[in-house]
file structure.txt (compact mmCIF, C-alpha atoms)
# COMPACT_ATOMS: atom_id res chain seq x y z
CA MET A 28 -19.53 -3.21 -2.15
CA GLU A 29 -21.15 -4.85 0.85
CA THR A 30 -18.90 -7.65 2.12
CA THR A 31 -20.06 -8.07 5.69
CA THR A 32 -21.10 -11.72 5.34
CA LEU A 33 -18.47 -14.41 4.98
CA ASP A 34 -19.98 -15.58 1.68
CA ASP A 35 -19.73 -12.06 0.29
CA ALA A 36 -16.17 -11.80 1.56
CA ALA A 37 -15.26 -15.13 -0.07
CA ALA A 38 -16.75 -14.05 -3.40
CA VAL A 39 -14.77 -10.80 -3.41
CA PHE A 40 -11.59 -12.58 -2.40
CA ALA A 41 -11.98 -15.24 -5.12
CA GLU A 42 -12.28 -12.52 -7.75
CA VAL A 43 -9.11 -10.75 -6.64
CA ARG A 44 -7.10 -13.86 -5.72
CA PRO A 45 -5.28 -14.31 -9.07
CA ARG A 46 -3.87 -10.79 -8.80
CA LEU A 47 -2.83 -11.35 -5.19
CA PHE A 48 -0.97 -14.51 -6.18
CA GLY A 49 0.59 -12.68 -9.13
CA ILE A 50 1.92 -9.95 -6.85
CA ALA A 51 3.18 -12.39 -4.22
CA TYR A 52 4.87 -14.71 -6.71
CA ARG A 53 6.69 -11.89 -8.50
CA MET A 54 7.86 -10.57 -5.14
CA LEU A 55 9.00 -13.89 -3.66
CA GLY A 56 9.92 -16.02 -6.68
CA SER A 57 8.24 -18.98 -5.00
CA ALA A 58 4.80 -20.40 -5.76
CA VAL A 59 4.72 -22.18 -2.39
CA ASP A 60 5.52 -19.02 -0.44
CA ALA A 61 3.09 -17.01 -2.59
CA GLU A 62 0.27 -19.44 -1.78
CA ASP A 63 1.08 -19.15 1.93
CA LEU A 64 1.00 -15.37 1.69
CA VAL A 65 -2.34 -15.35 -0.15
CA GLN A 66 -3.75 -17.59 2.57
CA GLU A 67 -2.58 -15.08 5.18
CA VAL A 68 -4.36 -12.31 3.27
CA TRP A 69 -7.55 -14.39 3.31
CA ILE A 70 -7.30 -14.86 7.08
CA ARG A 71 -6.89 -11.11 7.56
CA TRP A 72 -9.78 -10.40 5.20
CA GLN A 73 -12.05 -12.71 7.20
CA THR A 74 -11.19 -11.07 10.52
CA CYS A 75 -11.02 -7.36 9.59
CA ASP A 76 -13.94 -4.93 9.79
CA ARG A 77 -15.01 -5.22 6.16
CA SER A 78 -17.89 -2.76 6.62
CA VAL A 79 -15.43 0.15 6.57
CA VAL A 80 -13.50 -1.04 3.49
CA GLU A 81 -14.57 1.15 0.56
CA ASN A 82 -12.50 -0.64 -2.12
CA PRO A 83 -11.99 -4.33 -1.29
CA ALA A 84 -9.69 -5.00 -4.29
CA ALA A 85 -7.38 -2.14 -3.32
CA TYR A 86 -7.43 -3.19 0.34
CA LEU A 87 -6.52 -6.79 -0.53
CA ALA A 88 -3.76 -5.79 -2.96
CA THR A 89 -2.32 -3.41 -0.38
CA THR A 90 -2.36 -6.11 2.28
CA ALA A 91 -0.72 -8.63 -0.05
CA THR A 92 1.98 -6.20 -1.15
CA ARG A 93 2.91 -5.10 2.37
CA LEU A 94 3.06 -8.72 3.54
CA ALA A 95 5.17 -9.52 0.49
CA ILE A 96 7.63 -6.71 1.25
CA ASN A 97 8.15 -8.12 4.76
CA ALA A 98 8.38 -11.70 3.46
CA THR A 99 10.88 -10.65 0.79
CA GLN A 100 13.17 -9.14 3.41
CA THR A 101 13.14 -12.47 5.26
CA ALA A 102 13.60 -14.44 2.04
CA TYR A 103 16.63 -12.36 1.02
CA ALA A 104 18.28 -13.09 4.36
CA ARG A 105 17.46 -16.80 4.11
CA ARG A 106 19.01 -17.08 0.64
CA GLU A 107 22.39 -16.02 2.00
CA SER A 108 22.72 -19.53 3.46
CA TYR A 109 21.22 -21.33 0.44
CA VAL A 110 23.43 -24.13 -0.90
CA GLY A 111 24.61 -23.20 -4.39
CA PRO A 112 22.96 -20.72 -6.76
CA TRP A 113 19.36 -19.78 -5.95
CA LEU A 114 16.80 -19.62 -8.76
CA PRO A 115 13.08 -18.76 -8.64
CA GLU A 116 10.58 -21.60 -8.55
CA PRO A 117 9.16 -22.21 -12.06
CA VAL A 118 5.40 -21.97 -12.58
CA ASP A 119 3.35 -23.38 -15.44
CA THR A 120 1.73 -20.33 -17.00
CA SER A 121 -0.02 -22.44 -19.63
CA ALA A 122 -1.90 -24.25 -16.83
CA ASP A 123 -2.46 -20.99 -14.92
CA PRO A 124 -2.86 -18.34 -17.64
CA GLN A 125 -4.29 -15.83 -15.17
CA LEU A 126 -0.83 -15.42 -13.66
CA GLY A 127 0.25 -13.50 -16.74
CA ALA A 128 -3.18 -12.44 -17.94
CA GLU A 129 -2.95 -8.76 -17.07
CA ARG A 130 0.67 -8.31 -18.08
CA ALA A 131 3.35 -10.93 -18.47
CA ALA A 132 5.99 -8.54 -17.10
CA ALA A 133 8.32 -9.64 -14.29
CA LEU A 134 7.60 -13.33 -14.79
CA GLU A 135 10.57 -14.85 -16.63
CA LEU A 136 13.11 -16.60 -14.42
CA GLY A 137 15.93 -14.36 -15.63
CA VAL A 138 13.97 -11.20 -14.76
CA LEU A 139 12.92 -12.55 -11.35
CA LEU A 140 16.58 -13.32 -10.68
CA LEU A 141 17.54 -9.73 -11.48
CA LEU A 142 14.75 -8.41 -9.26
CA GLU A 143 16.52 -10.10 -6.33
CA LYS A 144 19.08 -7.27 -6.49
CA LEU A 145 16.44 -4.61 -5.76
CA THR A 146 15.27 -3.62 -2.32
CA PRO A 147 11.90 -5.19 -1.42
CA THR A 148 10.16 -1.81 -1.72
CA GLU A 149 11.73 -1.08 -5.12
CA ARG A 150 10.71 -4.54 -6.25
CA ALA A 151 7.13 -4.00 -5.07
CA ALA A 152 6.85 -0.67 -6.87
CA TYR A 153 8.24 -2.17 -10.07
CA VAL A 154 5.91 -5.18 -9.93
CA LEU A 155 2.83 -3.06 -9.28
CA ARG A 156 3.67 -0.71 -12.15
CA GLU A 157 5.04 -3.07 -14.80
CA ALA A 158 2.92 -6.16 -14.17
CA PHE A 159 -0.36 -4.57 -13.04
CA ASP A 160 -0.21 -0.98 -14.33
CA TYR A 161 -1.06 0.63 -10.99
CA PRO A 162 -0.96 4.44 -11.09
CA TYR A 163 1.96 5.96 -9.21
CA GLN A 164 -0.28 7.62 -6.65
CA GLN A 165 -1.75 4.23 -5.68
CA ILE A 166 1.69 2.61 -5.64
CA ALA A 167 2.83 5.34 -3.24
CA GLU A 168 -0.11 4.64 -0.94
CA ILE A 169 0.52 0.88 -1.01
CA VAL A 170 4.26 1.06 -0.25
CA GLN A 171 3.77 4.02 2.11
CA THR A 172 5.85 6.67 0.41
CA THR A 173 5.40 9.77 -1.76
CA GLU A 174 4.44 9.65 -5.43
CA VAL A 175 7.81 11.17 -6.36
CA THR A 176 9.65 8.43 -4.49
CA ALA A 177 7.44 5.74 -6.02
CA ARG A 178 8.40 7.00 -9.48
CA GLN A 179 12.06 6.91 -8.45
CA TYR A 180 11.74 3.31 -7.26
CA VAL A 181 10.29 2.21 -10.60
CA SER A 182 12.82 4.23 -12.59
CA ARG A 183 15.76 2.73 -10.67
CA ALA A 184 14.38 -0.78 -11.17
CA ARG A 185 13.96 -0.23 -14.91
CA LYS A 186 17.50 1.15 -15.22
CA HIS A 187 18.89 -1.79 -13.25
CA LEU A 188 17.18 -4.34 -15.49
CA ALA A 189 18.18 -2.49 -18.66
CA ALA A 190 21.82 -2.37 -17.55
CA GLU A 191 21.93 -6.03 -16.54
CA ARG A 192 20.32 -7.66 -19.59
CA ARG A 193 20.42 -7.37 -23.35
CA ALA A 194 17.24 -6.94 -25.38
CA PRO A 195 15.52 -10.34 -25.31
CA VAL A 196 14.63 -12.26 -28.46
CA ASP A 197 11.05 -13.11 -29.36
CA PRO A 198 9.50 -16.34 -28.01
CA ALA A 199 9.94 -18.24 -31.30
CA GLU A 200 13.68 -17.53 -31.36
CA GLN A 201 13.99 -18.34 -27.68
CA GLN A 202 12.30 -21.69 -28.29
CA ARG A 203 14.67 -22.37 -31.20
CA LEU A 204 17.71 -21.57 -29.03
CA LEU A 205 16.39 -23.72 -26.18
CA THR A 206 15.68 -26.72 -28.45
CA ALA A 207 19.07 -26.44 -30.14
CA PHE A 208 20.77 -26.15 -26.77
CA VAL A 209 19.11 -29.28 -25.36
CA GLN A 210 19.98 -31.25 -28.50
CA ALA A 211 23.62 -30.16 -28.33
CA ALA A 212 23.75 -30.84 -24.59
CA GLN A 213 22.36 -34.36 -25.02
CA ALA A 214 24.91 -35.02 -27.75
CA GLY A 215 27.75 -33.46 -25.77
CA ASP A 216 28.56 -31.39 -28.86
CA LEU A 217 31.09 -28.85 -27.59
CA SER A 218 31.32 -26.90 -30.85
CA ALA A 219 27.55 -26.61 -31.25
CA LEU A 220 27.19 -25.43 -27.65
CA GLU A 221 29.83 -22.74 -28.03
CA ASP A 222 28.19 -21.54 -31.26
CA LEU A 223 24.89 -21.08 -29.41
CA PHE A 224 26.36 -19.15 -26.49
CA ALA A 225 27.06 -15.46 -26.08
CA GLU A 226 30.70 -15.01 -25.07
CA ASP A 227 29.71 -14.05 -21.49
CA VAL A 228 27.00 -16.70 -21.04
CA VAL A 229 26.22 -17.63 -17.43
CA SER A 230 24.98 -21.01 -16.17
CA TYR A 231 23.03 -21.37 -12.91
CA SER A 232 22.25 -24.79 -11.43
CA ASP A 233 19.83 -24.82 -8.50
CA GLY A 234 19.93 -28.11 -6.63
CA GLY A 235 19.46 -26.58 -3.19
CA GLY A 236 21.98 -28.99 -1.71
CA VAL A 237 19.48 -31.81 -2.31
CA ALA A 238 19.96 -32.71 -5.98
CA ARG A 239 23.38 -33.01 -7.52
CA ALA A 240 24.24 -29.68 -9.14
CA THR A 241 27.14 -27.32 -9.71
CA LYS A 242 27.40 -25.20 -6.56
CA VAL A 243 28.94 -22.20 -8.29
CA VAL A 244 27.83 -19.93 -11.11
CA VAL A 245 29.78 -20.81 -14.26
CA THR A 246 30.62 -18.01 -16.71
CA GLY A 247 31.98 -17.89 -20.26
CA ALA A 248 31.10 -19.79 -23.43
CA GLU A 249 34.00 -22.22 -23.28
CA GLN A 250 33.60 -22.99 -19.58
CA VAL A 251 29.83 -23.46 -19.76
CA ALA A 252 30.13 -25.65 -22.88
CA LYS A 253 32.68 -27.90 -21.16
CA LEU A 254 30.45 -28.18 -18.09
CA ILE A 255 27.42 -29.15 -20.20
CA ARG A 256 29.46 -31.67 -22.19
CA ALA A 257 30.67 -33.24 -18.94
CA TRP A 258 27.05 -33.71 -17.89
CA GLY A 259 26.27 -35.22 -21.27
CA SER A 260 29.05 -37.76 -20.96
CA GLY A 261 27.67 -38.97 -17.60
CA PRO A 262 24.36 -40.60 -16.66
CA PHE A 263 22.36 -37.36 -16.47
CA TRP A 264 20.59 -37.67 -19.84
CA THR A 265 20.16 -41.45 -19.71
CA GLY A 266 16.49 -42.38 -19.85
CA LEU A 267 15.52 -38.71 -19.69
CA ASP A 268 12.52 -37.39 -21.61
CA THR A 269 12.34 -33.71 -22.53
CA VAL A 270 8.98 -31.96 -22.80
CA LEU A 271 8.65 -28.45 -24.17
CA ALA A 272 6.44 -26.28 -21.94
CA THR A 273 5.52 -22.67 -21.27
CA LEU A 274 6.85 -21.77 -17.84
CA ASN A 275 6.92 -18.23 -16.48
CA GLY A 276 5.53 -17.04 -19.80
CA ALA A 277 8.49 -18.36 -21.80
CA PRO A 278 9.60 -21.62 -23.46
CA ALA A 279 11.21 -24.11 -21.09
CA MET A 280 12.16 -27.76 -21.20
CA VAL A 281 10.74 -30.03 -18.50
CA LEU A 282 13.03 -32.99 -17.78
CA LYS A 283 11.28 -36.24 -16.88
CA ARG A 284 12.53 -39.67 -15.91
CA ALA A 285 10.03 -42.55 -15.68
CA GLY A 286 7.21 -40.00 -15.85
CA GLU A 287 8.49 -37.99 -12.89
CA THR A 288 9.63 -34.39 -13.29
CA ILE A 289 13.25 -34.17 -12.14
CA GLY A 290 14.16 -30.75 -13.45
CA VAL A 291 13.53 -27.73 -15.65
CA VAL A 292 15.98 -26.02 -17.97
CA THR A 293 15.43 -22.70 -19.70
CA VAL A 294 17.59 -20.15 -21.45
CA THR A 295 17.61 -16.39 -21.96
CA GLY A 296 18.40 -15.42 -25.52
CA SER A 297 19.58 -12.20 -27.15
CA ALA A 298 20.99 -11.18 -30.54
CA ASP A 299 24.37 -12.43 -29.27
CA GLY A 300 23.03 -15.92 -28.54
CA ILE A 301 22.20 -17.59 -25.23
CA ASP A 302 23.04 -15.26 -22.31
CA GLN A 303 21.83 -17.46 -19.47
CA VAL A 304 21.23 -21.15 -18.88
CA MET A 305 19.10 -21.92 -15.83
CA TRP A 306 18.69 -25.41 -14.39
CA VAL A 307 16.18 -25.98 -11.58
CA ILE A 308 16.61 -29.48 -10.16
CA ASN A 309 15.81 -28.89 -6.50
CA PRO A 310 12.77 -31.20 -6.01
CA ALA A 311 11.13 -28.69 -3.64
CA LYS A 312 10.93 -26.20 -6.51
CA LEU A 313 9.22 -28.48 -9.02
CA THR A 314 5.81 -28.84 -7.36
CA ALA A 315 4.25 -26.03 -9.44
CA VAL A 316 5.35 -27.57 -12.77
call {"tool": "encode", "arguments": {"input": "structure.txt", "output": "structure tokens"}}
result
Amino acid sequence: METTTLDDAAAVFAEVRPRLFGIAYRMLGSAVDAEDLVQEVWIRWQTCDRSVVENPAAYLATTATRLAINATQTAYARRESYVGPWLPEPVDTSADPQLGAERAAALELGVLLLLEKLTPTERAAYVLREAFDYPYQQIAEIVQTTEVTARQYVSRARKHLAAERRAPVDPAEQQRLLTAFVQAAQAGDLSALEDLFAEDVVSYSDGGGVARATKVVVTGAEQVAKLIRAWGSGPFWTGLDTVLATLNGAPAMVLKRAGETIGVVTVTGSADGIDQVMWVINPAKLTAV
């Protein structure tokens, strides 16, 4: 494809842009950082010698992935000093369906959180394979390794995720669990909360040191239920409206006060009940909702 003029280059970039954002977001867990990375790819695309690029889509995806690997290394280091638990930034996939259009894999907050435990290169290989179905040979070229090693990266990532999470429930059941959880939380119903939880449920509250949130990860049905009831007995739910939404390809509850989004809560469900409760109330992470 001839892309020597800037208009041609812009047209090609616009066509590939949703995939570039999808790769960057799954790598970084941040819509803001993903947008910055995509902008950097655009700058490089403008200034490179496009006349020698045989496959613009492959070139752009490779550039985005390699930038994302470097950015992920920096992000991992930065999160070591993050105040309290770190959670990915939620994105509204109903407003931006292209984000999950090719495959919805590696989008849910719980999965993105698990991907944080992979190396950046393992994460890139997994994202390219599971979310975008790249062949292993192309993955190897993008992450600059052999095809055998690329397969090993993806295999290790799959095994890690399988070991760390139970089989998820379908979206309808997840929505039922989420709605029941919010109702029990608003009522401060300790018994109802414990009935909804798996015994080893984990609660993450991401306030980033800005919004008031629990600064430790809370584990266990009884402990998490008591924490949620304590919130319910305070001013947290007063004047709060809850709006069901589709975020990261899964049901989530958007929390609004006086029309302003002040948080997002979502759960991960399995046959044992709710495994994870995730609260995102850091204002900096709510811009994409």
call {"tool": "atom_distance", "arguments": {"input": "structure.txt", "atom1": "CA of Lys253 (chain A)", "atom2": "CA of Thr269 (chain A)"}}
result
21.2 Å
call {"tool": "residues_around", "arguments": {"input": "structure.txt", "residues": "Ala177 (chain A)", "least_positions_apart": "6", "cutoff": "7 Å", "atoms": "all atoms listed in the file", "output": "ChimeraX atom specification"}}
result
/A:152,163,166-167
call {"tool": "residues_around", "arguments": {"input": "structure.txt", "residues": "region 105-113 of chain A", "least_positions_apart": "5", "cutoff": "8 Å", "atoms": "only C-alpha atoms", "output": "PyMOL selection string"}}
result
chain A and resi 231-236+241-244
call {"tool": "atom_distance", "arguments": {"input": "structure.txt", "atom1": "CA of Tyr153 (chain A)", "atom2": "CA of Ala315 (chain A)"}}
result
24.2 Å
call {"tool": "atom_distance", "arguments": {"input": "structure.txt", "atom1": "CA of Val68 (chain A)", "atom2": "CA of Pro310 (chain A)"}}
result
27.1 Å
call {"tool": "residues_around", "arguments": {"input": "structure.txt", "residues": "region 87-91 of chain A", "least_positions_apart": "4", "cutoff": "7 Å", "atoms": "all atoms listed in the file", "output": "compact mmCIF listing (two decimals) with C-alpha atoms, keeping the file's coordinate frame"}}
result
# COMPACT_ATOMS: atom_id res chain seq x y z
CA LEU A 47 -2.83 -11.35 -5.19
CA ALA A 51 3.18 -12.39 -4.22
CA VAL A 65 -2.34 -15.35 -0.15
CA VAL A 68 -4.36 -12.31 3.27
CA PRO A 83 -11.99 -4.33 -1.29
CA ALA A 95 5.17 -9.52 0.49
CA ILE A 169 0.52 0.88 -1.01
call {"tool": "residues_around", "arguments": {"input": "structure.txt", "residues": "Glu116 (chain A)", "least_positions_apart": "3", "cutoff": "6 Å", "atoms": "all atoms listed in the file", "output": "list in words"}}
result
Gly56, Ser57 and Lys312 of chain A
call {"tool": "residues_around", "arguments": {"input": "structure.txt", "residues": "Leu33 (chain A)", "least_positions_apart": "2", "cutoff": "10 Å", "atoms": "only C-alpha atoms", "output": "number ranges by chain"}}
result
A: 30-31, 35-39, 72-74, 77
call {"tool": "closest_residue", "arguments": {"input": "structure.txt", "among": "A:Val291, A:Val270, A:Ala257, A:Ala199", "to": "Gln213 (chain A)", "atoms": "all atoms listed in the file"}}
result
A:Ala257
call {"tool": "closest_residue", "arguments": {"input": "structure.txt", "among": "A:Gly215, A:Gly290, A:Gly49, A:Pro195", "to": "Ala311 (chain A)", "atoms": "all atoms listed in the file"}}
result
A:Gly290
call {"tool": "closest_residue", "arguments": {"input": "structure.txt", "among": "A:Ile289, A:Glu143, A:Ala58, A:Asp299", "to": "Arg193 (chain A)", "atoms": "only C-alpha atoms"}}
result
A:Asp299
